[in-house]
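Okay, query-v2.cif is below, mmCIF, N, CA and C atoms:
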data_coords
loop_
_atom_site.group_PDB
_atom_site.id
_atom_site.type_symbol
_atom_site.label_atom_id
_atom_site.label_comp_id
_atom_site.auth_asym_id
_atom_site.auth_seq_id
_atom_site.Cartn_x
_atom_site.Cartn_y
_atom_site.Cartn_z
ATOM 1 N N ALA U 27 8.293 -14.572 11.673
ATOM 2 C CA ALA U 27 9.066 -13.441 12.170
ATOM 3 C C ALA U 27 8.134 -12.510 12.924
ATOM 4 N N ARG U 28 8.545 -12.117 14.092
ATOM 5 C CA ARG U 28 7.747 -11.192 14.896
ATOM 6 C C ARG U 28 8.126 -9.766 14.546
ATOM 7 N N LEU U 29 7.132 -8.921 14.430
ATOM 8 C CA LEU U 29 7.377 -7.528 14.091
ATOM 9 C C LEU U 29 6.881 -6.571 15.177
ATOM 10 N N ASP U 30 6.389 -7.106 16.297
ATOM 11 C CA ASP U 30 5.792 -6.234 17.303
ATOM 12 C C ASP U 30 6.791 -5.303 17.980
ATOM 13 N N TYR U 31 8.087 -5.480 17.726
ATOM 14 C CA TYR U 31 9.100 -4.578 18.262
ATOM 15 C C TYR U 31 9.186 -3.276 17.453
ATOM 16 N N CYS U 32 8.570 -3.235 16.250
ATOM 17 C CA CYS U 32 8.726 -2.049 15.400
ATOM 18 C C CYS U 32 7.443 -1.567 14.736
ATOM 19 N N ILE U 33 6.295 -2.247 14.975
ATOM 20 C CA ILE U 33 5.048 -1.799 14.362
ATOM 21 C C ILE U 33 3.943 -1.772 15.409
ATOM 22 N N GLY U 34 2.876 -1.083 15.078
ATOM 23 C CA GLY U 34 1.689 -1.103 15.917
ATOM 24 C C GLY U 34 1.534 0.083 16.852
ATOM 25 N N LEU U 35 2.552 0.923 16.949
ATOM 26 C CA LEU U 35 2.482 2.102 17.811
ATOM 27 C C LEU U 35 2.981 3.325 17.058
ATOM 28 N N ILE U 36 2.490 4.476 17.448
ATOM 29 C CA ILE U 36 3.009 5.727 16.924
ATOM 30 C C ILE U 36 3.943 6.281 17.989
ATOM 31 N N LYS U 37 5.229 5.962 17.846
ATOM 32 C CA LYS U 37 6.231 6.437 18.789
ATOM 33 C C LYS U 37 7.617 6.299 18.175
ATOM 34 N N VAL U 38 8.572 7.023 18.733
ATOM 35 C CA VAL U 38 9.950 7.010 18.241
ATOM 36 C C VAL U 38 10.478 5.579 18.238
ATOM 37 N N GLY U 39 11.131 5.208 17.126
ATOM 38 C CA GLY U 39 11.720 3.886 16.998
ATOM 39 C C GLY U 39 10.823 2.877 16.301
ATOM 40 N N TYR U 40 9.565 3.211 16.111
ATOM 41 C CA TYR U 40 8.635 2.319 15.429
ATOM 42 C C TYR U 40 8.488 2.759 13.976
ATOM 43 N N ASP U 41 8.166 1.809 13.085
ATOM 44 C CA ASP U 41 7.943 2.145 11.686
ATOM 45 C C ASP U 41 6.792 3.138 11.578
ATOM 46 N N ALA U 42 6.931 4.058 10.642
ATOM 47 C CA ALA U 42 5.879 5.037 10.399
ATOM 48 C C ALA U 42 5.174 4.661 9.098
ATOM 49 N N ASP U 43 4.195 3.771 9.191
ATOM 50 C CA ASP U 43 3.407 3.339 8.038
ATOM 51 C C ASP U 43 2.027 3.974 8.154
ATOM 52 N N PHE U 44 1.683 4.839 7.191
ATOM 53 C CA PHE U 44 0.410 5.554 7.234
ATOM 54 C C PHE U 44 -0.224 5.607 5.863
ATOM 55 N N VAL U 45 -1.546 5.647 5.856
ATOM 56 C CA VAL U 45 -2.305 5.887 4.633
ATOM 57 C C VAL U 45 -3.244 7.054 4.910
ATOM 58 N N VAL U 46 -3.234 8.046 4.002
ATOM 59 C CA VAL U 46 -4.203 9.135 4.064
ATOM 60 C C VAL U 46 -5.319 8.747 3.113
ATOM 61 N N TRP U 47 -6.515 8.605 3.650
ATOM 62 C CA TRP U 47 -7.654 8.006 2.955
ATOM 63 C C TRP U 47 -8.803 8.997 2.903
ATOM 64 N N SER U 48 -9.442 9.124 1.762
ATOM 65 C CA SER U 48 -10.635 9.960 1.604
ATOM 66 C C SER U 48 -11.822 9.034 1.364
ATOM 67 N N PRO U 49 -12.540 8.657 2.422
ATOM 68 C CA PRO U 49 -13.608 7.661 2.289
ATOM 69 C C PRO U 49 -14.819 8.139 1.494
ATOM 70 N N ASP U 50 -15.007 9.443 1.358
ATOM 71 C CA ASP U 50 -16.194 9.954 0.672
ATOM 72 C C ASP U 50 -16.005 10.142 -0.831
ATOM 73 N N LEU U 51 -14.777 10.040 -1.309
ATOM 74 C CA LEU U 51 -14.540 10.151 -2.752
ATOM 75 C C LEU U 51 -14.786 8.806 -3.419
ATOM 76 N N ILE U 52 -15.132 8.839 -4.695
ATOM 77 C CA ILE U 52 -15.330 7.602 -5.459
ATOM 78 C C ILE U 52 -14.392 7.635 -6.671
ATOM 79 N N HIS U 53 -14.084 6.461 -7.194
ATOM 80 C CA HIS U 53 -13.303 6.387 -8.424
ATOM 81 C C HIS U 53 -13.683 5.136 -9.191
ATOM 82 N N VAL U 54 -13.461 5.207 -10.490
ATOM 83 C CA VAL U 54 -13.746 4.086 -11.383
ATOM 84 C C VAL U 54 -12.416 3.428 -11.729
ATOM 85 N N ILE U 55 -12.354 2.112 -11.598
ATOM 86 C CA ILE U 55 -11.140 1.372 -11.936
ATOM 87 C C ILE U 55 -10.998 1.332 -13.454
ATOM 88 N N SER U 56 -9.883 1.898 -13.945
ATOM 89 C CA SER U 56 -9.598 1.893 -15.375
ATOM 90 C C SER U 56 -8.205 1.303 -15.579
ATOM 91 N N GLU U 57 -7.992 0.749 -16.749
ATOM 92 C CA GLU U 57 -6.735 0.034 -17.023
ATOM 93 C C GLU U 57 -5.509 0.930 -16.854
ATOM 94 N N ASP U 58 -5.625 2.210 -17.191
ATOM 95 C CA ASP U 58 -4.479 3.108 -17.083
ATOM 96 C C ASP U 58 -4.103 3.414 -15.631
ATOM 97 N N ARG U 59 -4.977 3.126 -14.676
ATOM 98 C CA ARG U 59 -4.690 3.371 -13.261
ATOM 99 C C ARG U 59 -4.195 2.114 -12.536
ATOM 100 N N ILE U 60 -4.265 0.962 -13.197
ATOM 101 C CA ILE U 60 -3.825 -0.286 -12.572
ATOM 102 C C ILE U 60 -2.302 -0.294 -12.516
ATOM 103 N N GLN U 61 -1.741 -0.541 -11.346
ATOM 104 C CA GLN U 61 -0.302 -0.456 -11.155
ATOM 105 C C GLN U 61 0.415 -1.797 -11.284
ATOM 106 N N HIS U 62 -0.302 -2.896 -11.294
ATOM 107 C CA HIS U 62 0.379 -4.188 -11.401
ATOM 108 C C HIS U 62 0.530 -4.594 -12.864
ATOM 109 N N LYS U 63 1.444 -5.522 -13.111
ATOM 110 C CA LYS U 63 1.822 -5.925 -14.468
ATOM 111 C C LYS U 63 0.637 -6.496 -15.252
ATOM 112 N N ASN U 64 -0.115 -7.403 -14.651
ATOM 113 C CA ASN U 64 -1.246 -8.019 -15.314
ATOM 114 C C ASN U 64 -2.467 -7.113 -15.166
ATOM 115 N N LYS U 65 -2.956 -6.574 -16.261
ATOM 116 C CA LYS U 65 -4.052 -5.604 -16.225
ATOM 117 C C LYS U 65 -5.435 -6.253 -16.152
ATOM 118 N N ILE U 66 -5.480 -7.572 -16.031
ATOM 119 C CA ILE U 66 -6.763 -8.265 -15.922
ATOM 120 C C ILE U 66 -7.233 -8.192 -14.469
ATOM 121 N N THR U 67 -8.442 -7.676 -14.252
ATOM 122 C CA THR U 67 -8.999 -7.576 -12.913
ATOM 123 C C THR U 67 -10.519 -7.625 -12.986
ATOM 124 N N PRO U 68 -11.164 -8.251 -12.015
ATOM 125 C CA PRO U 68 -12.626 -8.253 -12.005
ATOM 126 C C PRO U 68 -13.200 -6.882 -11.636
ATOM 127 N N TYR U 69 -12.351 -5.965 -11.203
ATOM 128 C CA TYR U 69 -12.805 -4.641 -10.789
ATOM 129 C C TYR U 69 -12.810 -3.617 -11.927
ATOM 130 N N LEU U 70 -12.293 -3.973 -13.097
ATOM 131 C CA LEU U 70 -12.219 -3.053 -14.229
ATOM 132 C C LEU U 70 -13.609 -2.493 -14.545
ATOM 133 N N GLY U 71 -13.705 -1.165 -14.556
ATOM 134 C CA GLY U 71 -14.973 -0.505 -14.857
ATOM 135 C C GLY U 71 -15.877 -0.301 -13.650
ATOM 136 N N ARG U 72 -15.533 -0.875 -12.533
ATOM 137 C CA ARG U 72 -16.361 -0.724 -11.329
ATOM 138 C C ARG U 72 -16.088 0.599 -10.626
ATOM 139 N N THR U 73 -17.135 1.135 -10.025
ATOM 140 C CA THR U 73 -17.012 2.338 -9.210
ATOM 141 C C THR U 73 -16.828 1.909 -7.762
ATOM 142 N N LEU U 74 -15.747 2.398 -7.156
ATOM 143 C CA LEU U 74 -15.429 2.041 -5.777
ATOM 144 C C LEU U 74 -15.454 3.272 -4.882
ATOM 145 N N ASN U 75 -15.807 3.073 -3.642
ATOM 146 C CA ASN U 75 -15.811 4.147 -2.651
ATOM 147 C C ASN U 75 -14.455 4.236 -1.978
ATOM 148 N N GLY U 76 -13.982 5.461 -1.773
ATOM 149 C CA GLY U 76 -12.740 5.696 -1.068
ATOM 150 C C GLY U 76 -11.565 5.838 -2.020
ATOM 151 N N VAL U 77 -10.672 6.771 -1.694
ATOM 152 C CA VAL U 77 -9.496 7.031 -2.509
ATOM 153 C C VAL U 77 -8.295 7.195 -1.583
ATOM 154 N N VAL U 78 -7.204 6.491 -1.898
ATOM 155 C CA VAL U 78 -5.953 6.678 -1.162
ATOM 156 C C VAL U 78 -5.299 7.943 -1.697
ATOM 157 N N GLN U 79 -5.027 8.890 -0.805
ATOM 158 C CA GLN U 79 -4.384 10.142 -1.195
ATOM 159 C C GLN U 79 -2.860 10.053 -1.091
ATOM 160 N N LYS U 80 -2.385 9.340 -0.049
ATOM 161 C CA LYS U 80 -0.948 9.303 0.224
ATOM 162 C C LYS U 80 -0.642 8.057 1.038
ATOM 163 N N THR U 81 0.516 7.448 0.800
ATOM 164 C CA THR U 81 0.976 6.300 1.576
ATOM 165 C C THR U 81 2.428 6.518 1.970
ATOM 166 N N ASP U 82 2.712 6.367 3.253
ATOM 167 C CA ASP U 82 4.082 6.418 3.774
ATOM 168 C C ASP U 82 4.410 5.052 4.349
ATOM 169 N N VAL U 83 5.589 4.540 4.005
ATOM 170 C CA VAL U 83 6.069 3.275 4.545
ATOM 171 C C VAL U 83 7.420 3.545 5.197
ATOM 172 N N ALA U 84 7.522 3.187 6.471
ATOM 173 C CA ALA U 84 8.746 3.423 7.250
ATOM 174 C C ALA U 84 9.165 4.890 7.178
ATOM 175 N N GLY U 85 8.170 5.782 7.170
ATOM 176 C CA GLY U 85 8.443 7.215 7.148
ATOM 177 C C GLY U 85 8.778 7.777 5.783
ATOM 178 N N ASN U 86 8.743 6.954 4.748
ATOM 179 C CA ASN U 86 9.065 7.391 3.382
ATOM 180 C C ASN U 86 7.795 7.534 2.557
ATOM 181 N N ASP U 87 7.694 8.647 1.837
ATOM 182 C CA ASP U 87 6.563 8.892 0.940
ATOM 183 C C ASP U 87 6.697 7.956 -0.257
ATOM 184 N N VAL U 88 5.860 6.918 -0.331
ATOM 185 C CA VAL U 88 5.962 5.949 -1.431
ATOM 186 C C VAL U 88 4.872 6.132 -2.482
ATOM 187 N N PHE U 89 3.771 6.805 -2.102
ATOM 188 C CA PHE U 89 2.702 7.069 -3.068
ATOM 189 C C PHE U 89 2.026 8.376 -2.708
ATOM 190 N N ASN U 90 1.770 9.166 -3.743
ATOM 191 C CA ASN U 90 1.045 10.411 -3.602
ATOM 192 C C ASN U 90 0.092 10.480 -4.785
ATOM 193 N N ARG U 91 -1.176 10.747 -4.545
ATOM 194 C CA ARG U 91 -2.172 10.698 -5.616
ATOM 195 C C ARG U 91 -1.842 11.647 -6.773
ATOM 196 N N GLN U 92 -1.267 12.800 -6.479
ATOM 197 C CA GLN U 92 -0.933 13.749 -7.539
ATOM 198 C C GLN U 92 0.297 13.321 -8.333
ATOM 199 N N ARG U 93 1.279 12.700 -7.678
ATOM 200 C CA ARG U 93 2.548 12.357 -8.331
ATOM 201 C C ARG U 93 2.710 10.875 -8.634
ATOM 202 N N GLY U 94 1.851 10.032 -8.069
ATOM 203 C CA GLY U 94 1.982 8.593 -8.273
ATOM 204 C C GLY U 94 3.001 7.982 -7.321
ATOM 205 N N PHE U 95 3.578 6.866 -7.722
ATOM 206 C CA PHE U 95 4.558 6.184 -6.888
ATOM 207 C C PHE U 95 5.865 6.954 -6.889
ATOM 208 N N GLN U 96 6.542 6.966 -5.745
ATOM 209 C CA GLN U 96 7.776 7.726 -5.561
ATOM 210 C C GLN U 96 8.956 6.779 -5.420
ATOM 211 N N GLY U 97 9.963 6.911 -6.273
ATOM 212 C CA GLY U 97 11.192 6.138 -6.153
ATOM 213 C C GLY U 97 11.008 4.658 -6.454
ATOM 214 N N GLU U 98 12.063 3.923 -6.158
ATOM 215 C CA GLU U 98 12.071 2.480 -6.379
ATOM 216 C C GLU U 98 11.437 1.766 -5.186
ATOM 217 N N PRO U 99 10.779 0.627 -5.432
ATOM 218 C CA PRO U 99 10.226 -0.152 -4.320
ATOM 219 C C PRO U 99 11.337 -0.582 -3.357
ATOM 220 N N PHE U 100 11.005 -0.633 -2.087
ATOM 221 C CA PHE U 100 11.971 -1.099 -1.099
ATOM 222 C C PHE U 100 11.233 -1.962 -0.081
ATOM 223 N N GLY U 101 11.963 -2.628 0.714
ATOM 224 C CA GLY U 101 11.375 -3.519 1.709
ATOM 225 C C GLY U 101 12.274 -4.716 1.863
ATOM 226 N N GLU U 102 11.777 -5.708 2.527
ATOM 227 C CA GLU U 102 12.568 -6.910 2.720
ATOM 228 C C GLU U 102 11.635 -8.110 2.759
ATOM 229 N N ILE U 103 12.165 -9.247 2.421
ATOM 230 C CA ILE U 103 11.406 -10.482 2.481
ATOM 231 C C ILE U 103 11.257 -10.882 3.951
ATOM 232 N N ILE U 104 10.038 -11.202 4.336
ATOM 233 C CA ILE U 104 9.777 -11.677 5.695
ATOM 234 C C ILE U 104 9.263 -13.104 5.583
ATOM 235 N N ILE U 105 9.919 -13.996 6.252
ATOM 236 C CA ILE U 105 9.509 -15.400 6.236
ATOM 237 C C ILE U 105 8.809 -15.704 7.543
ATOM 238 N N ASN U 106 7.563 -16.133 7.435
ATOM 239 C CA ASN U 106 6.782 -16.515 8.600
ATOM 240 C C ASN U 106 6.931 -18.025 8.757
ATOM 241 N N LEU U 107 7.832 -18.424 9.622
ATOM 242 C CA LEU U 107 8.111 -19.853 9.784
ATOM 243 C C LEU U 107 6.914 -20.610 10.332
ATOM 244 N N ALA U 108 6.083 -19.945 11.133
ATOM 245 C CA ALA U 108 4.922 -20.625 11.722
ATOM 246 C C ALA U 108 3.920 -21.026 10.642
ATOM 247 N N GLN U 109 3.772 -20.188 9.609
ATOM 248 C CA GLN U 109 2.807 -20.479 8.556
ATOM 249 C C GLN U 109 3.485 -20.893 7.257
ATOM 250 N N ASN U 110 4.854 -20.881 7.237
ATOM 251 C CA ASN U 110 5.611 -21.249 6.064
ATOM 252 C C ASN U 110 5.213 -20.437 4.835
ATOM 253 N N GLN U 111 5.050 -19.110 5.033
ATOM 254 C CA GLN U 111 4.674 -18.215 3.955
ATOM 255 C C GLN U 111 5.749 -17.146 3.812
ATOM 256 N N THR U 112 5.918 -16.658 2.590
ATOM 257 C CA THR U 112 6.833 -15.567 2.315
ATOM 258 C C THR U 112 6.043 -14.437 1.701
ATOM 259 N N SER U 113 6.307 -13.201 2.146
ATOM 260 C CA SER U 113 5.640 -12.044 1.548
ATOM 261 C C SER U 113 6.636 -10.923 1.376
ATOM 262 N N LYS U 114 6.346 -10.031 0.433
ATOM 263 C CA LYS U 114 7.190 -8.852 0.153
ATOM 264 C C LYS U 114 6.509 -7.635 0.729
ATOM 265 N N LEU U 115 7.258 -6.844 1.510
ATOM 266 C CA LEU U 115 6.714 -5.594 2.042
ATOM 267 C C LEU U 115 6.713 -4.533 0.979
#

As structure tokens:
Amino acid sequence: ARLDYCIGLIKVGYDADFVVWSPDLIHVISEDRIQHKNKITPYLGRTLNGVVQKTDVAGNDVFNRQRGFQGEPFGEIIINLAQNQTSKL
């Protein structure tokens, strides 16, 4: 599926997907901060550079560092027929 009709530009009619990133901050990966179901990760206890402050997908505030994830997940299944792969937005 081609998406170049709605992504890749900052202009009216295109998806507004943005991340506000603080590259100079550091954080330690701890189990209570892991958002996925399986809490097993090779990064547990590691100190990483950079912190995501805010994420907007299609103009919607989906993550804010102070409040966490906002609302229910949304998106659509995109099937890439050329590579025969399916991914969730």

Picked residues, the PyMOL selection byres (((chain U and resi 100 and name CA) around 12) and name CA), expected as number ranges by chain: U: 82-84, 86-88, 95-99, 101-103, 114-115

Adding 6 Å on each side of the box along x, y and z that holds all listed atoms of region 70-87 of chain U, could you give its centre and edge lengths in Å to one decimal, as AutoDock Vina command-line options?
--center_x -4.0 --center_y 3.1 --center_z -3.8 --size_x 38.3 --size_y 26.1 --size_z 34.1

Length of the atom C of Leu74 (chain U) to atom C of Val54 (chain U) vector [Å]: 7.5 Å

Could you give me, as a PDB file with N, CA and C atoms, in the frame of the given file, the residues within 9 Å of Trp47 (chain U), counting only C-alpha atoms and dropping anything in the same chain fewer than 2 positions from it?
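Once everything was written out, this is selection_26.pdb:
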ATOM      1  N   VAL U  45      -1.546   5.647   5.856  1.00  0.00           N
ATOM      2  CA  VAL U  45      -2.305   5.887   4.633  1.00  0.00           C
ATOM      3  C   VAL U  45      -3.244   7.054   4.910  1.00  0.00           C
ATOM      4  N   PRO U  49     -12.540   8.657   2.422  1.00  0.00           N
ATOM      5  CA  PRO U  49     -13.608   7.661   2.289  1.00  0.00           C
ATOM      6  C   PRO U  49     -14.819   8.139   1.494  1.00  0.00           C
ATOM      7  N   GLY U  76     -13.982   5.461  -1.773  1.00  0.00           N
ATOM      8  CA  GLY U  76     -12.740   5.696  -1.068  1.00  0.00           C
ATOM      9  C   GLY U  76     -11.565   5.838  -2.020  1.00  0.00           C
ATOM     10  N   VAL U  77     -10.672   6.771  -1.694  1.00  0.00           N
ATOM     11  CA  VAL U  77      -9.496   7.031  -2.509  1.00  0.00           C
ATOM     12  C   VAL U  77      -8.295   7.195  -1.583  1.00  0.00           C
ATOM     13  N   VAL U  78      -7.204   6.491  -1.898  1.00  0.00           N
ATOM     14  CA  VAL U  78      -5.953   6.678  -1.162  1.00  0.00           C
ATOM     15  C   VAL U  78      -5.299   7.943  -1.697  1.00  0.00           C
ATOM     16  N   GLN U  79      -5.027   8.890  -0.805  1.00  0.00           N
ATOM     17  CA  GLN U  79      -4.384  10.142  -1.195  1.00  0.00           C
ATOM     18  C   GLN U  79      -2.860  10.053  -1.091  1.00  0.00           C
ATOM     19  N   LYS U  80      -2.385   9.340  -0.049  1.00  0.00           N
ATOM     20  CA  LYS U  80      -0.948   9.303   0.224  1.00  0.00           C
ATOM     21  C   LYS U  80      -0.642   8.057   1.038  1.00  0.00           C
ATOM     22  N   THR U  81       0.516   7.448   0.800  1.00  0.00           N
ATOM     23  CA  THR U  81       0.976   6.300   1.576  1.00  0.00           C
ATOM     24  C   THR U  81       2.428   6.518   1.970  1.00  0.00           C
TER      25      THR U  81
END

Distance of atom N of Gly85 (chain U) from CA of Ile55 (chain U), expressed in Å to one decimal place: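 Computing the Euclidean distance for CA of Ile55 (chain U) and atom N of Gly85 (chain U) yields 27.5 Å.
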
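Here atom N of Leu70 (chain U) is placed at a distance of 20.0 Å from atom N of Ser48 (chain U).
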
Option closest in space to Asp43 (chain U), from U:Pro68, U:Lys63, U:Phe89, U:Glu57 [counting only C-alpha atoms]: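 Comparing U:Pro68, U:Lys63, U:Phe89, U:Glu57 against Asp43 (chain U), the winner is U:Phe89.
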
Distance criterion (only C-alpha atoms): nearest to Leu51 (chain U) out of U:Asn75, U:Val38, U:Asn64, U:Cys32: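 Looking only at the distances to Leu51 (chain U), the closest residue turns out to be U:Asn75.
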
DSSP strand (DSSP E) selection over region 51-91 of chain U, as an NGL selection string: :U and (51-54 or 73-83 or 86-90)

Taking N, CA and C atoms for each residue, export the selection above as an mmCIF file, keeping the file's coordinate frame.
data_model
loop_
_atom_site.group_PDB
_atom_site.id
_atom_site.type_symbol
_atom_site.label_atom_id
_atom_site.label_comp_id
_atom_site.auth_asym_id
_atom_site.auth_seq_id
_atom_site.Cartn_x
_atom_site.Cartn_y
_atom_site.Cartn_z
ATOM 1 N N LEU U 51 -14.777 10.040 -1.309
ATOM 2 C CA LEU U 51 -14.540 10.151 -2.752
ATOM 3 C C LEU U 51 -14.786 8.806 -3.419
ATOM 4 N N ILE U 52 -15.132 8.839 -4.695
ATOM 5 C CA ILE U 52 -15.330 7.602 -5.459
ATOM 6 C C ILE U 52 -14.392 7.635 -6.671
ATOM 7 N N HIS U 53 -14.084 6.461 -7.194
ATOM 8 C CA HIS U 53 -13.303 6.387 -8.424
ATOM 9 C C HIS U 53 -13.683 5.136 -9.191
ATOM 10 N N VAL U 54 -13.461 5.207 -10.490
ATOM 11 C CA VAL U 54 -13.746 4.086 -11.383
ATOM 12 C C VAL U 54 -12.416 3.428 -11.729
ATOM 13 N N THR U 73 -17.135 1.135 -10.025
ATOM 14 C CA THR U 73 -17.012 2.338 -9.210
ATOM 15 C C THR U 73 -16.828 1.909 -7.762
ATOM 16 N N LEU U 74 -15.747 2.398 -7.156
ATOM 17 C CA LEU U 74 -15.429 2.041 -5.777
ATOM 18 C C LEU U 74 -15.454 3.272 -4.882
ATOM 19 N N ASN U 75 -15.807 3.073 -3.642
ATOM 20 C CA ASN U 75 -15.811 4.147 -2.651
ATOM 21 C C ASN U 75 -14.455 4.236 -1.978
ATOM 22 N N GLY U 76 -13.982 5.461 -1.773
ATOM 23 C CA GLY U 76 -12.740 5.696 -1.068
ATOM 24 C C GLY U 76 -11.565 5.838 -2.020
ATOM 25 N N VAL U 77 -10.672 6.771 -1.694
ATOM 26 C CA VAL U 77 -9.496 7.031 -2.509
ATOM 27 C C VAL U 77 -8.295 7.195 -1.583
ATOM 28 N N VAL U 78 -7.204 6.491 -1.898
ATOM 29 C CA VAL U 78 -5.953 6.678 -1.162
ATOM 30 C C VAL U 78 -5.299 7.943 -1.697
ATOM 31 N N GLN U 79 -5.027 8.890 -0.805
ATOM 32 C CA GLN U 79 -4.384 10.142 -1.195
ATOM 33 C C GLN U 79 -2.860 10.053 -1.091
ATOM 34 N N LYS U 80 -2.385 9.340 -0.049
ATOM 35 C CA LYS U 80 -0.948 9.303 0.224
ATOM 36 C C LYS U 80 -0.642 8.057 1.038
ATOM 37 N N THR U 81 0.516 7.448 0.800
ATOM 38 C CA THR U 81 0.976 6.300 1.576
ATOM 39 C C THR U 81 2.428 6.518 1.970
ATOM 40 N N ASP U 82 2.712 6.367 3.253
ATOM 41 C CA ASP U 82 4.082 6.418 3.774
ATOM 42 C C ASP U 82 4.410 5.052 4.349
ATOM 43 N N VAL U 83 5.589 4.540 4.005
ATOM 44 C CA VAL U 83 6.069 3.275 4.545
ATOM 45 C C VAL U 83 7.420 3.545 5.197
ATOM 46 N N ASN U 86 8.743 6.954 4.748
ATOM 47 C CA ASN U 86 9.065 7.391 3.382
ATOM 48 C C ASN U 86 7.795 7.534 2.557
ATOM 49 N N ASP U 87 7.694 8.647 1.837
ATOM 50 C CA ASP U 87 6.563 8.892 0.940
ATOM 51 C C ASP U 87 6.697 7.956 -0.257
ATOM 52 N N VAL U 88 5.860 6.918 -0.331
ATOM 53 C CA VAL U 88 5.962 5.949 -1.431
ATOM 54 C C VAL U 88 4.872 6.132 -2.482
ATOM 55 N N PHE U 89 3.771 6.805 -2.102
ATOM 56 C CA PHE U 89 2.702 7.069 -3.068
ATOM 57 C C PHE U 89 2.026 8.376 -2.708
ATOM 58 N N ASN U 90 1.770 9.166 -3.743
ATOM 59 C CA ASN U 90 1.045 10.411 -3.602
ATOM 60 C C ASN U 90 0.092 10.480 -4.785
#

For His53 (chain U), the nearest of the candidates U:Thr67, U:Asp41, U:Gly34, U:Thr73, counting only N, CA and C atoms: U:Thr73

Distance criterion (only C-alpha atoms): nearest to Asn90 (chain U) out of U:Val46, U:Tyr31, U:Gly39, U:Gly71: U:Val46

Model the absent atoms of region 91-103 of chain U so that N, CA, C and O atoms are present, and write the result as an mmCIF file, in the frame of the given file.
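Okay, this is what ended up in result34.cif:
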data_model
loop_
_atom_site.group_PDB
_atom_site.id
_atom_site.type_symbol
_atom_site.label_atom_id
_atom_site.label_comp_id
_atom_site.auth_asym_id
_atom_site.auth_seq_id
_atom_site.Cartn_x
_atom_site.Cartn_y
_atom_site.Cartn_z
ATOM 1 N N ARG U 91 -1.176 10.747 -4.545
ATOM 2 C CA ARG U 91 -2.172 10.698 -5.616
ATOM 3 C C ARG U 91 -1.842 11.647 -6.773
ATOM 4 O O ARG U 91 -2.086 11.332 -7.932
ATOM 5 N N GLN U 92 -1.267 12.800 -6.479
ATOM 6 C CA GLN U 92 -0.933 13.749 -7.539
ATOM 7 C C GLN U 92 0.297 13.321 -8.333
ATOM 8 O O GLN U 92 0.366 13.533 -9.530
ATOM 9 N N ARG U 93 1.279 12.700 -7.678
ATOM 10 C CA ARG U 93 2.548 12.357 -8.331
ATOM 11 C C ARG U 93 2.710 10.875 -8.634
ATOM 12 O O ARG U 93 3.638 10.481 -9.321
ATOM 13 N N GLY U 94 1.851 10.032 -8.069
ATOM 14 C CA GLY U 94 1.982 8.593 -8.273
ATOM 15 C C GLY U 94 3.001 7.982 -7.321
ATOM 16 O O GLY U 94 3.284 8.540 -6.263
ATOM 17 N N PHE U 95 3.578 6.866 -7.722
ATOM 18 C CA PHE U 95 4.558 6.184 -6.888
ATOM 19 C C PHE U 95 5.865 6.954 -6.889
ATOM 20 O O PHE U 95 6.270 7.508 -7.907
ATOM 21 N N GLN U 96 6.542 6.966 -5.745
ATOM 22 C CA GLN U 96 7.776 7.726 -5.561
ATOM 23 C C GLN U 96 8.956 6.779 -5.420
ATOM 24 O O GLN U 96 8.967 5.946 -4.527
ATOM 25 N N GLY U 97 9.963 6.911 -6.273
ATOM 26 C CA GLY U 97 11.192 6.138 -6.153
ATOM 27 C C GLY U 97 11.008 4.658 -6.454
ATOM 28 O O GLY U 97 9.971 4.209 -6.920
ATOM 29 N N GLU U 98 12.063 3.923 -6.158
ATOM 30 C CA GLU U 98 12.071 2.480 -6.379
ATOM 31 C C GLU U 98 11.437 1.766 -5.186
ATOM 32 O O GLU U 98 11.551 2.226 -4.053
ATOM 33 N N PRO U 99 10.779 0.627 -5.432
ATOM 34 C CA PRO U 99 10.226 -0.152 -4.320
ATOM 35 C C PRO U 99 11.337 -0.582 -3.357
ATOM 36 O O PRO U 99 12.473 -0.805 -3.778
ATOM 37 N N PHE U 100 11.005 -0.633 -2.087
ATOM 38 C CA PHE U 100 11.971 -1.099 -1.099
ATOM 39 C C PHE U 100 11.233 -1.962 -0.081
ATOM 40 O O PHE U 100 10.021 -2.006 -0.045
ATOM 41 N N GLY U 101 11.963 -2.628 0.714
ATOM 42 C CA GLY U 101 11.375 -3.519 1.709
ATOM 43 C C GLY U 101 12.274 -4.716 1.863
ATOM 44 O O GLY U 101 13.405 -4.736 1.380
ATOM 45 N N GLU U 102 11.777 -5.708 2.527
ATOM 46 C CA GLU U 102 12.568 -6.910 2.720
ATOM 47 C C GLU U 102 11.635 -8.110 2.759
ATOM 48 O O GLU U 102 10.458 -7.990 3.061
ATOM 49 N N ILE U 103 12.165 -9.247 2.421
ATOM 50 C CA ILE U 103 11.406 -10.482 2.481
ATOM 51 C C ILE U 103 11.257 -10.882 3.951
ATOM 52 O O ILE U 103 12.233 -10.878 4.704
#
